[in-house]
file final.csv (CSV, C-alpha atoms)
chain,number,residue,atom,x,y,z
A,1,MET,CA,79.0,224.2,80.3
A,2,ASP,CA,76.3,226.7,81.5
A,3,ASP,CA,74.4,229.1,79.3
A,4,ARG,CA,76.8,232.0,79.8
A,5,ASP,CA,79.8,229.8,78.8
A,6,ALA,CA,77.9,228.5,75.8
A,7,THR,CA,77.1,232.0,74.6
A,8,GLU,CA,80.7,233.2,75.1
A,9,GLU,CA,81.9,230.1,73.3
A,10,ALA,CA,79.6,230.9,70.4
A,11,ILE,CA,80.8,234.5,70.3
A,12,MET,CA,84.4,233.4,70.3
A,13,GLU,CA,83.7,231.0,67.4
A,14,ALA,CA,82.0,233.7,65.5
A,15,THR,CA,85.0,236.0,66.2
A,16,TYR,CA,87.4,233.4,64.8
A,17,ARG,CA,85.3,233.0,61.6
A,18,ALA,CA,85.0,236.8,61.2
A,19,LEU,CA,88.7,237.3,61.7
A,20,SER,CA,89.5,234.6,59.2
A,21,THR,CA,87.2,236.1,56.7
A,22,HIS,CA,87.9,239.8,57.1
A,23,GLY,CA,91.3,240.1,58.8
A,24,TYR,CA,91.8,242.6,61.6
A,25,GLY,CA,91.8,245.7,59.5
A,26,ASP,CA,88.3,245.3,58.1
A,27,LEU,CA,86.8,243.6,61.1
A,28,THR,CA,83.6,245.2,62.6
A,29,ILE,CA,81.2,244.1,65.3
A,30,GLN,CA,78.7,243.6,62.4
A,31,ASN,CA,81.1,241.1,60.7
A,32,ILE,CA,81.2,239.1,64.0
A,33,ALA,CA,77.4,239.4,64.4
A,34,ASP,CA,77.0,238.1,60.9
A,35,GLU,CA,78.8,234.9,61.9
A,36,PHE,CA,76.8,234.6,65.1
A,37,ASP,CA,73.4,233.0,65.0
A,38,ARG,CA,71.9,235.0,67.8
A,39,SER,CA,71.3,238.8,68.2
A,40,LYS,CA,73.9,241.4,67.9
A,41,SER,CA,72.7,242.9,71.2
A,42,LEU,CA,74.0,239.8,72.9
A,43,LEU,CA,77.5,240.7,71.7
A,44,TYR,CA,77.2,244.2,73.2
A,45,TYR,CA,75.7,242.7,76.4
A,46,HIS,CA,78.9,240.6,76.8
A,47,TYR,CA,81.5,243.0,75.4
A,48,GLU,CA,81.8,246.8,75.4
A,49,GLY,CA,83.3,247.0,71.9
A,50,LYS,CA,85.5,245.4,69.3
A,51,ASP,CA,88.8,245.7,71.1
A,52,GLU,CA,87.4,244.3,74.4
A,53,LEU,CA,85.9,241.4,72.4
A,54,LEU,CA,89.2,240.8,70.6
A,55,ALA,CA,91.1,240.9,73.9
A,56,ALA,CA,88.8,238.2,75.3
A,57,PHE,CA,89.3,236.3,72.0
A,58,LEU,CA,93.1,236.3,72.5
A,59,GLY,CA,92.6,234.7,75.9
A,60,TYR,CA,90.2,232.2,74.4
A,61,ALA,CA,92.6,231.4,71.5
A,62,LEU,CA,95.5,230.7,73.9
A,63,ASP,CA,93.4,228.4,76.0
A,64,ARG,CA,92.2,226.6,72.9
A,65,PHE,CA,95.8,226.3,71.6
A,66,ILE,CA,97.0,224.7,74.8
A,67,ALA,CA,93.9,222.5,75.2
A,68,ASP,CA,94.2,221.3,71.6
A,69,LEU,CA,97.9,220.6,71.8
A,70,ASP,CA,97.3,217.4,73.8
A,71,ILE,CA,100.9,216.6,74.5
A,72,GLN,CA,100.6,215.3,78.0
A,73,ASP,CA,101.5,211.7,77.3
A,74,GLU,CA,104.5,212.3,75.1
A,75,ASP,CA,108.1,212.5,76.1
A,76,PRO,CA,109.7,216.0,76.2
A,77,GLY,CA,111.4,215.6,72.7
A,78,GLU,CA,108.1,214.6,71.2
A,79,GLN,CA,106.3,217.4,73.0
A,80,LEU,CA,108.7,220.0,71.5
A,81,ALA,CA,108.2,218.5,68.0
A,82,LEU,CA,104.4,218.7,68.4
A,83,LEU,CA,104.6,222.2,69.6
A,84,VAL,CA,106.9,223.3,66.6
A,85,ASP,CA,104.6,221.4,64.2
A,86,ARG,CA,101.6,223.3,65.6
A,87,LEU,CA,103.2,226.7,65.3
A,88,LEU,CA,105.1,226.1,62.1
A,89,PRO,CA,103.1,223.5,60.0
A,90,GLU,CA,104.4,223.0,56.5
A,91,THR,CA,100.9,223.5,55.1
A,92,ILE,CA,98.0,225.4,56.5
A,93,GLU,CA,94.4,225.3,55.3
A,94,ASP,CA,93.0,228.8,54.3
A,95,GLU,CA,90.8,229.5,57.3
A,96,ARG,CA,93.6,228.7,59.8
A,97,TYR,CA,96.2,230.7,57.7
A,98,ASN,CA,93.9,233.7,57.7
A,99,ALA,CA,93.3,233.4,61.5
A,100,GLN,CA,97.0,233.3,62.1
A,101,VAL,CA,97.6,236.3,60.0
A,102,ALA,CA,94.8,238.1,61.9
A,103,LEU,CA,96.5,237.2,65.2
A,104,MET,CA,99.8,238.6,63.8
A,105,GLU,CA,98.0,241.9,62.9
A,106,LEU,CA,96.4,242.0,66.4
A,107,ARG,CA,99.8,241.6,67.9
A,108,SER,CA,101.3,244.4,65.8
A,109,HIS,CA,98.7,246.7,67.3
A,110,ALA,CA,99.6,245.8,70.9
A,111,PRO,CA,101.8,248.9,71.3
A,112,HIS,CA,98.6,251.0,70.7
A,113,VAL,CA,96.0,248.9,72.6
A,114,GLU,CA,96.8,248.2,76.2
A,115,THR,CA,94.4,245.3,76.5
A,116,PHE,CA,96.1,243.5,73.5
A,117,SER,CA,99.5,244.1,75.1
A,118,THR,CA,98.3,242.6,78.4
A,119,GLN,CA,96.8,239.6,76.5
A,120,PHE,CA,99.9,239.0,74.4
A,121,SER,CA,102.1,239.3,77.5
A,122,ALA,CA,100.1,236.7,79.3
A,123,LEU,CA,100.0,234.5,76.1
A,124,ASP,CA,103.8,234.7,75.7
A,125,GLU,CA,104.4,234.1,79.4
A,126,GLN,CA,102.1,231.1,79.5
A,127,PHE,CA,103.6,229.7,76.3
A,128,SER,CA,107.2,230.3,77.5
A,129,GLU,CA,106.4,228.6,80.8
A,130,MET,CA,105.1,225.6,78.9
A,131,VAL,CA,108.4,225.4,76.9
A,132,VAL,CA,110.4,225.8,80.1
A,133,THR,CA,108.6,222.9,81.7
A,134,ILE,CA,109.1,220.7,78.7
A,135,ILE,CA,112.8,221.4,78.6
A,136,GLN,CA,113.2,221.0,82.4
A,137,ASP,CA,111.4,217.7,82.2
A,138,GLY,CA,113.8,216.6,79.4
A,139,VAL,CA,116.8,217.7,81.4
A,140,ASP,CA,115.5,215.9,84.5
A,141,SER,CA,114.8,212.7,82.6
A,142,GLY,CA,118.2,212.8,80.9
A,143,GLN,CA,116.7,213.1,77.4
A,144,PHE,CA,118.1,216.6,77.0
A,145,GLN,CA,121.6,217.9,77.9
A,146,PRO,CA,121.9,219.9,81.2
A,147,VAL,CA,120.9,223.3,79.9
A,148,ASP,CA,119.3,226.5,81.3
A,149,PRO,CA,115.6,225.9,80.4
A,150,GLN,CA,114.8,229.7,80.7
A,151,GLN,CA,117.5,230.5,78.2
A,152,GLU,CA,116.6,227.7,75.7
A,153,ALA,CA,112.9,228.6,76.0
A,154,ASP,CA,113.5,232.3,75.3
A,155,LEU,CA,115.6,231.4,72.2
A,156,LEU,CA,113.1,228.8,70.9
A,157,VAL,CA,110.1,231.1,71.4
A,158,SER,CA,111.8,233.9,69.6
A,159,VAL,CA,113.1,231.8,66.7
A,160,LEU,CA,109.6,230.4,66.2
A,161,SER,CA,108.0,233.8,66.4
A,162,GLY,CA,110.5,235.1,63.8
A,163,MET,CA,110.0,232.2,61.4
A,164,ARG,CA,106.2,232.6,61.6
A,165,THR,CA,106.5,236.3,60.9
A,166,ARG,CA,108.8,235.7,57.9
A,167,ARG,CA,106.5,233.0,56.6
A,168,PHE,CA,103.4,235.2,56.6
A,169,THR,CA,105.1,238.5,55.4
A,170,THR,CA,107.5,237.5,52.7
A,171,GLU,CA,107.3,235.5,49.5
A,172,GLY,CA,109.3,232.4,49.1
A,173,TYR,CA,110.3,231.8,52.7
A,174,SER,CA,110.7,228.0,53.0
A,175,VAL,CA,109.2,226.6,56.1
A,176,GLU,CA,110.6,223.2,55.2
A,177,THR,CA,114.2,224.6,55.2
A,178,ALA,CA,113.5,226.6,58.4
A,179,LYS,CA,112.4,223.4,60.1
A,180,VAL,CA,115.6,221.6,59.0
A,181,HIS,CA,117.6,224.4,60.5
A,182,LEU,CA,115.6,224.4,63.7
A,183,GLU,CA,115.9,220.7,64.1
A,184,GLU,CA,119.7,220.9,63.9
A,185,LEU,CA,119.6,223.8,66.3
A,186,LEU,CA,117.6,221.9,68.8
A,187,GLN,CA,119.7,218.8,68.4
A,188,ASP,CA,122.8,221.0,69.1
A,189,ARG,CA,121.3,222.8,72.1
A,190,LEU,CA,119.2,220.0,73.7
A,191,GLY,CA,120.2,216.6,72.5
A,192,GLY,CA,121.2,214.7,69.5
A,193,ASP,CA,118.1,212.5,69.0
A,194,LEU,CA,115.5,215.3,68.8
A,195,LYS,CA,113.5,215.0,65.7
A,196,LEU,CA,111.0,217.5,64.3
A,197,THR,CA,109.6,215.5,61.4
B,198,MET,CA,121.8,264.6,44.4
B,199,ASP,CA,119.5,266.1,41.7
B,200,ASP,CA,116.2,267.8,42.4
B,201,ARG,CA,114.1,264.7,41.9
B,202,ASP,CA,116.2,262.9,44.4
B,203,ALA,CA,116.1,265.8,46.9
B,204,THR,CA,112.3,265.9,46.6
B,205,GLU,CA,112.0,262.1,47.1
B,206,GLU,CA,114.4,262.3,50.1
B,207,ALA,CA,112.2,265.1,51.6
B,208,ILE,CA,109.1,263.0,51.1
B,209,MET,CA,110.7,260.0,52.7
B,210,GLU,CA,111.8,262.0,55.7
B,211,ALA,CA,108.3,263.4,56.1
B,212,THR,CA,106.9,259.9,55.9
B,213,TYR,CA,109.2,258.7,58.6
B,214,ARG,CA,108.2,261.6,60.9
B,215,ALA,CA,104.5,261.0,60.1
B,216,LEU,CA,104.8,257.3,60.8
B,217,SER,CA,106.6,258.0,64.1
B,218,THR,CA,103.9,260.4,65.1
B,219,HIS,CA,100.7,258.7,63.9
B,220,GLY,CA,101.6,255.0,63.5
B,221,TYR,CA,100.4,253.1,60.5
B,222,GLY,CA,96.8,252.8,61.6
B,223,ASP,CA,96.1,256.5,61.7
B,224,LEU,CA,98.4,257.6,58.9
B,225,THR,CA,97.0,259.6,56.1
B,226,ILE,CA,98.5,261.4,53.1
B,227,GLN,CA,97.5,264.6,54.9
B,228,ASN,CA,99.7,263.6,58.0
B,229,ILE,CA,102.6,263.2,55.6
B,230,ALA,CA,101.9,266.4,53.8
B,231,ASP,CA,101.8,268.2,57.2
B,232,GLU,CA,105.4,267.0,57.8
B,233,PHE,CA,106.5,268.1,54.3
B,234,ASP,CA,107.4,271.7,53.7
B,235,ARG,CA,106.2,271.7,50.1
B,236,SER,CA,102.8,271.2,48.5
B,237,LYS,CA,100.7,268.1,49.0
B,238,SER,CA,100.3,267.9,45.2
B,239,LEU,CA,104.0,267.1,44.9
B,240,LEU,CA,103.3,264.0,47.0
B,241,TYR,CA,100.5,262.9,44.6
B,242,TYR,CA,102.8,263.7,41.6
B,243,HIS,CA,105.4,261.3,42.9
B,244,TYR,CA,103.2,258.6,44.4
B,245,GLU,CA,99.7,257.4,43.5
B,246,GLY,CA,98.5,256.8,47.1
B,247,LYS,CA,99.4,256.0,50.6
B,248,ASP,CA,100.3,252.3,50.1
B,249,GLU,CA,102.5,253.1,47.1
B,250,LEU,CA,104.3,255.8,49.1
B,251,LEU,CA,104.7,253.4,52.0
B,252,ALA,CA,106.2,250.7,49.7
B,253,ALA,CA,108.7,253.3,48.5
B,254,PHE,CA,109.4,254.2,52.1
B,255,LEU,CA,110.2,250.6,52.9
B,256,GLY,CA,112.8,250.5,50.2
B,257,TYR,CA,114.2,253.8,51.4
B,258,ALA,CA,114.3,252.6,55.1
B,259,LEU,CA,116.2,249.5,54.1
B,260,ASP,CA,118.8,251.5,52.1
B,261,ARG,CA,119.2,253.9,55.0
B,262,PHE,CA,119.5,251.1,57.5
B,263,ILE,CA,122.3,249.5,55.4
B,264,ALA,CA,124.0,252.9,54.7
B,265,ASP,CA,123.9,253.9,58.4
B,266,LEU,CA,125.2,250.6,59.6
B,267,ASP,CA,128.8,251.5,58.5
B,268,ILE,CA,130.4,248.2,59.4
B,269,GLN,CA,132.8,247.8,56.5
B,270,ASP,CA,136.0,248.2,58.5
B,271,GLU,CA,135.1,245.8,61.3
B,272,ASP,CA,136.0,242.2,61.6
B,273,PRO,CA,133.0,239.7,61.2
B,274,GLY,CA,132.4,239.3,64.9
B,275,GLU,CA,132.3,243.0,65.5
B,276,GLN,CA,130.0,243.4,62.4
B,277,LEU,CA,127.5,240.9,63.9
B,278,ALA,CA,127.7,242.7,67.2
B,279,LEU,CA,126.9,246.1,65.5
B,280,LEU,CA,124.1,244.6,63.6
B,281,VAL,CA,122.5,243.1,66.7
B,282,ASP,CA,122.9,246.3,68.6
B,283,ARG,CA,121.2,248.2,65.8
B,284,LEU,CA,118.2,245.8,65.6
B,285,LEU,CA,118.0,245.2,69.4
B,286,PRO,CA,119.3,248.3,71.2
B,287,GLU,CA,118.8,248.2,75.0
B,288,THR,CA,117.2,251.7,74.9
B,289,ILE,CA,115.5,253.4,72.0
B,290,GLU,CA,114.5,257.1,71.9
B,291,ASP,CA,110.8,257.7,71.3
B,292,GLU,CA,110.8,258.7,67.6
B,293,ARG,CA,112.8,255.6,66.6
B,294,TYR,CA,110.7,253.4,68.8
B,295,ASN,CA,107.5,254.6,67.2
B,296,ALA,CA,109.0,254.2,63.7
B,297,GLN,CA,110.1,250.6,64.5
B,298,VAL,CA,106.6,249.9,65.8
B,299,ALA,CA,105.1,251.4,62.6
B,300,LEU,CA,107.4,249.2,60.5
B,301,MET,CA,106.1,246.1,62.4
B,302,GLU,CA,102.5,247.2,61.7
B,303,LEU,CA,103.4,247.7,58.0
B,304,ARG,CA,104.9,244.2,58.0
B,305,SER,CA,101.8,242.7,59.6
B,306,HIS,CA,99.7,244.0,56.7
B,307,ALA,CA,102.0,242.4,54.1
B,308,PRO,CA,99.6,239.5,53.6
B,309,HIS,CA,97.0,242.0,52.4
B,310,VAL,CA,99.1,244.4,50.4
B,311,GLU,CA,101.2,242.9,47.7
B,312,THR,CA,103.6,245.9,47.3
B,313,PHE,CA,104.4,245.5,51.1
B,314,SER,CA,105.0,241.8,50.8
B,315,THR,CA,107.3,242.4,47.8
B,316,GLN,CA,109.2,245.1,49.7
B,317,PHE,CA,109.6,243.0,52.9
B,318,SER,CA,110.7,240.0,50.8
B,319,ALA,CA,113.4,242.2,49.3
B,320,LEU,CA,114.3,243.7,52.7
B,321,ASP,CA,114.6,240.2,54.3
B,322,GLU,CA,116.6,238.9,51.4
B,323,GLN,CA,119.0,241.7,51.3
B,324,PHE,CA,119.4,241.6,55.1
B,325,SER,CA,119.8,237.8,55.1
B,326,GLU,CA,122.5,238.1,52.4
B,327,MET,CA,124.4,240.6,54.4
B,328,VAL,CA,124.4,238.3,57.4
B,329,VAL,CA,125.4,235.3,55.2
B,330,THR,CA,128.4,237.4,53.8
B,331,ILE,CA,129.5,238.4,57.3
B,332,ILE,CA,129.3,234.8,58.6
B,333,GLN,CA,131.1,233.5,55.4
B,334,ASP,CA,133.9,236.1,55.9
B,335,GLY,CA,134.2,235.0,59.5
B,336,VAL,CA,134.5,231.3,58.5
B,337,ASP,CA,137.0,232.2,55.7
B,338,SER,CA,139.2,234.2,58.1
B,339,GLY,CA,139.0,231.5,60.8
B,340,GLN,CA,137.3,233.8,63.3
B,341,PHE,CA,134.2,231.6,63.2
B,342,GLN,CA,133.8,227.8,63.2
B,343,PRO,CA,133.2,226.1,59.9
B,344,VAL,CA,129.4,226.5,59.7
B,345,ASP,CA,126.7,226.7,57.0
B,346,PRO,CA,126.3,230.5,56.7
B,347,GLN,CA,122.8,230.1,55.1
B,348,GLN,CA,121.6,228.1,58.1
B,349,GLU,CA,123.2,230.4,60.7
B,350,ALA,CA,121.8,233.5,59.0
B,351,ASP,CA,118.3,232.0,58.8
B,352,LEU,CA,118.4,231.3,62.5
B,353,LEU,CA,119.9,234.6,63.5
B,354,VAL,CA,117.5,236.7,61.3
B,355,SER,CA,114.5,234.7,62.8
B,356,VAL,CA,115.6,235.0,66.4
B,357,LEU,CA,116.3,238.7,66.0
B,358,SER,CA,112.8,239.2,64.4
B,359,GLY,CA,111.2,237.3,67.2
B,360,MET,CA,113.0,239.2,70.0
B,361,ARG,CA,112.0,242.5,68.3
B,362,THR,CA,108.4,241.4,68.1
B,363,ARG,CA,108.3,240.3,71.7
B,364,ARG,CA,110.0,243.5,72.9
B,365,PHE,CA,107.4,245.7,71.1
B,366,THR,CA,104.3,243.7,71.9
B,367,THR,CA,104.6,242.4,75.4
B,368,GLU,CA,105.2,244.0,78.8
B,369,GLY,CA,108.3,243.2,80.7
B,370,TYR,CA,110.3,241.4,78.0
B,371,SER,CA,113.9,242.0,78.9
B,372,VAL,CA,116.1,242.9,76.0
B,373,GLU,CA,119.2,242.8,78.2
B,374,THR,CA,118.5,239.1,79.1
B,375,ALA,CA,117.6,238.3,75.5
B,376,LYS,CA,121.0,239.7,74.4
B,377,VAL,CA,122.8,237.6,77.0
B,378,HIS,CA,121.0,234.5,75.6
B,379,LEU,CA,121.8,235.5,72.1
B,380,GLU,CA,125.5,236.1,72.8
B,381,GLU,CA,125.8,232.7,74.3
B,382,LEU,CA,124.0,231.2,71.3
B,383,LEU,CA,126.3,233.0,68.8
B,384,GLN,CA,129.4,231.9,70.8
B,385,ASP,CA,128.1,228.3,70.7
B,386,ARG,CA,127.2,228.4,67.0
B,387,LEU,CA,130.0,230.6,65.6
B,388,GLY,CA,132.9,230.9,68.0
B,389,GLY,CA,133.8,231.4,71.6
B,390,ASP,CA,135.1,234.9,71.5
B,391,LEU,CA,132.1,236.6,70.0
B,392,LYS,CA,130.9,239.5,72.2
B,393,LEU,CA,127.6,241.4,71.8
B,394,THR,CA,128.3,244.1,74.5

call {"tool": "encode", "arguments": {"input": "final.csv", "output": "structure tokens"}}
result
Amino acid sequence: MDDRDATEEAIMEATYRALSTHGYGDLTIQNIADEFDRSKSLLYYHYEGKDELLAAFLGYALDRFIADLDIQDEDPGEQLALLVDRLLPETIEDERYNAQVALMELRSHAPHVETFSTQFSALDEQFSEMVVTIIQDGVDSGQFQPVDPQQEADLLVSVLSGMRTRRFTTEGYSVETAKVHLEELLQDRLGGDLKLT
Amino acid sequence: MDDRDATEEAIMEATYRALSTHGYGDLTIQNIADEFDRSKSLLYYHYEGKDELLAAFLGYALDRFIADLDIQDEDPGEQLALLVDRLLPETIEDERYNAQVALMELRSHAPHVETFSTQFSALDEQFSEMVVTIIQDGVDSGQFQPVDPQQEADLLVSVLSGMRTRRFTTEGYSVETAKVHLEELLQDRLGGDLKLT
């Protein structure tokens, strides 16, 4: 990692902490600078403003999400289970909870901020393609039924998005129950031995 | 409708127009007053502030959504089709599009505003119960397969929520394709003759 990358990485980490602490609504460049151990002018040198920095953060968050997933060596059923567990964990520690809420807020502003919309489009597309590949691999290996991977991926990505939104925005939504429902759905659609827990 | 109701109705209509025009981020009581043909002090007489007014608006929007749905006389399959069409229309005129985006923004702030969270919980619960009742009726009448209405409702509400979010926050998400996928899903889960279009 060269200096430029190291600086960017440090800015992204500071952005993550600032988003977790302040949420999107109250976030300022100053909040991010406060989490950053170098000068605020470096932030402006790298990014023109808050929305440009946040758009870069969205790309960073997606890359991190995919890098951290580490599902390469698993079979397709296990890969889906890890993916679901990552997106819909039964418990979340505070910092991660707050960061996920901030990402949801950022997403809700995508209709007003073109760079967000572009980033979330890329994010959804890359995520959907990952799910398509997993399902295709499962079909090819015979672990899953012969399904249309595009269709199953569209449905799974949407149901996960909806369950996440309901979890963060309503009281008393049971993630445990949702995962029982989702497991049965995936068993029905893809194959009987798929386990989420 | 007595005077108080008429005033509240007029305030809610003004709020809808202001949200459609300004979105949630830029909404002020003044924007709402500008859409309201009576005095701004009436707004403050009825509501303490913007968030209290918006919480009332959420209750109003849900009531209107259910009243406008008008699905009483239809069979359960047709009721689900009308519900899906209402939540996921293939085209939306601008004012309604903007209002739906504003509702999504309001929802994303629910983790920070307790009255929003309470309203969205009530909204989701009432909507889910409506879907449960429709599915139960379809099972009872033999139009649908014998399924667990709670489970099917949880999945359908989540998939609709996710498809709406993806439609509003990404470029190039095809609602037409999503509805083809959803129709096949509902046929698979509930019964072969269910048609969404």

call {"tool": "residues_around", "arguments": {"input": "final.csv", "residues": "Thr366 in chain B", "least_positions_apart": "4", "cutoff": "7 Å", "atoms": "only C-alpha atoms", "output": "PyMOL selection string"}}
result
(chain A and resi 107-108+110-111+117+120) or (chain B and resi 362)

call {"tool": "residues_around", "arguments": {"input": "final.csv", "residues": "Thr330 in chain B", "least_positions_apart": "3", "cutoff": "12 Å", "atoms": "only C-alpha atoms", "output": "list in words"}}
result
Gln269, Asp272, Pro273, Gly274, Gln276, Leu277, Gln323, Phe324, Ser325, Glu326, Met327, Gln333, Asp334, Gly335, Val336, Asp337, Asp345, Pro346, Gln347, Glu349 and Ala350 of chain B

call {"tool": "atom_distance", "arguments": {"input": "final.csv", "atom1": "CA of Asn98 in chain A", "atom2": "CA of Thr315 in chain B"}}
result
18.8 Å

call {"tool": "interface_residues", "arguments": {"input": "final.csv", "of": "chain A", "to": "chain B", "cutoff": "8 Å", "atoms": "all atoms listed in the file", "output": "number ranges by chain"}}
result
A: 101, 104-105, 107-111, 117-118, 120-121, 124, 151, 154-155, 157-163, 165-166, 168-172, 178, 181-182

call {"tool": "atom_distance", "arguments": {"input": "final.csv", "atom1": "CA of Gln187 in chain A", "atom2": "CA of Ile66 in chain A"}}
result
24.3 Å

call {"tool": "closest_residue", "arguments": {"input": "final.csv", "among": "B:Glu275, B:Asp282, B:Asp231, B:Asp202", "to": "Leu391 in chain B", "atoms": "all atoms listed in the file"}}
result
B:Glu275

call {"tool": "axis_aligned_box", "arguments": {"input": "final.csv", "around": "range 314-330 of chain B", "padding_each_side": "5 Å", "output": "AutoDock Vina command-line options"}}
result
--center_x 116.7 --center_y 240.2 --center_z 52.6 --size_x 33.4 --size_y 19.8 --size_z 19.6

call {"tool": "residues_around", "arguments": {"input": "final.csv", "residues": "Arg86 in chain A", "least_positions_apart": "5", "cutoff": "12 Å", "atoms": "only C-alpha atoms", "output": "MDAnalysis selection string"}}
result
chainID A and resid 65:66 68:71 79:81 91:92 96 100 160 164 196:197

call {"tool": "residues_around", "arguments": {"input": "final.csv", "residues": "range 235-249 of chain B", "least_positions_apart": "4", "cutoff": "9 Å", "atoms": "only C-alpha atoms", "output": "list in words"}}
result
Thr204, Glu205, Ile208, Leu224, Thr225, Ile226, Gln227, Ile229, Ala230, Asp231, Ala253, Phe254, Val310, Thr312 and Phe313 of chain B
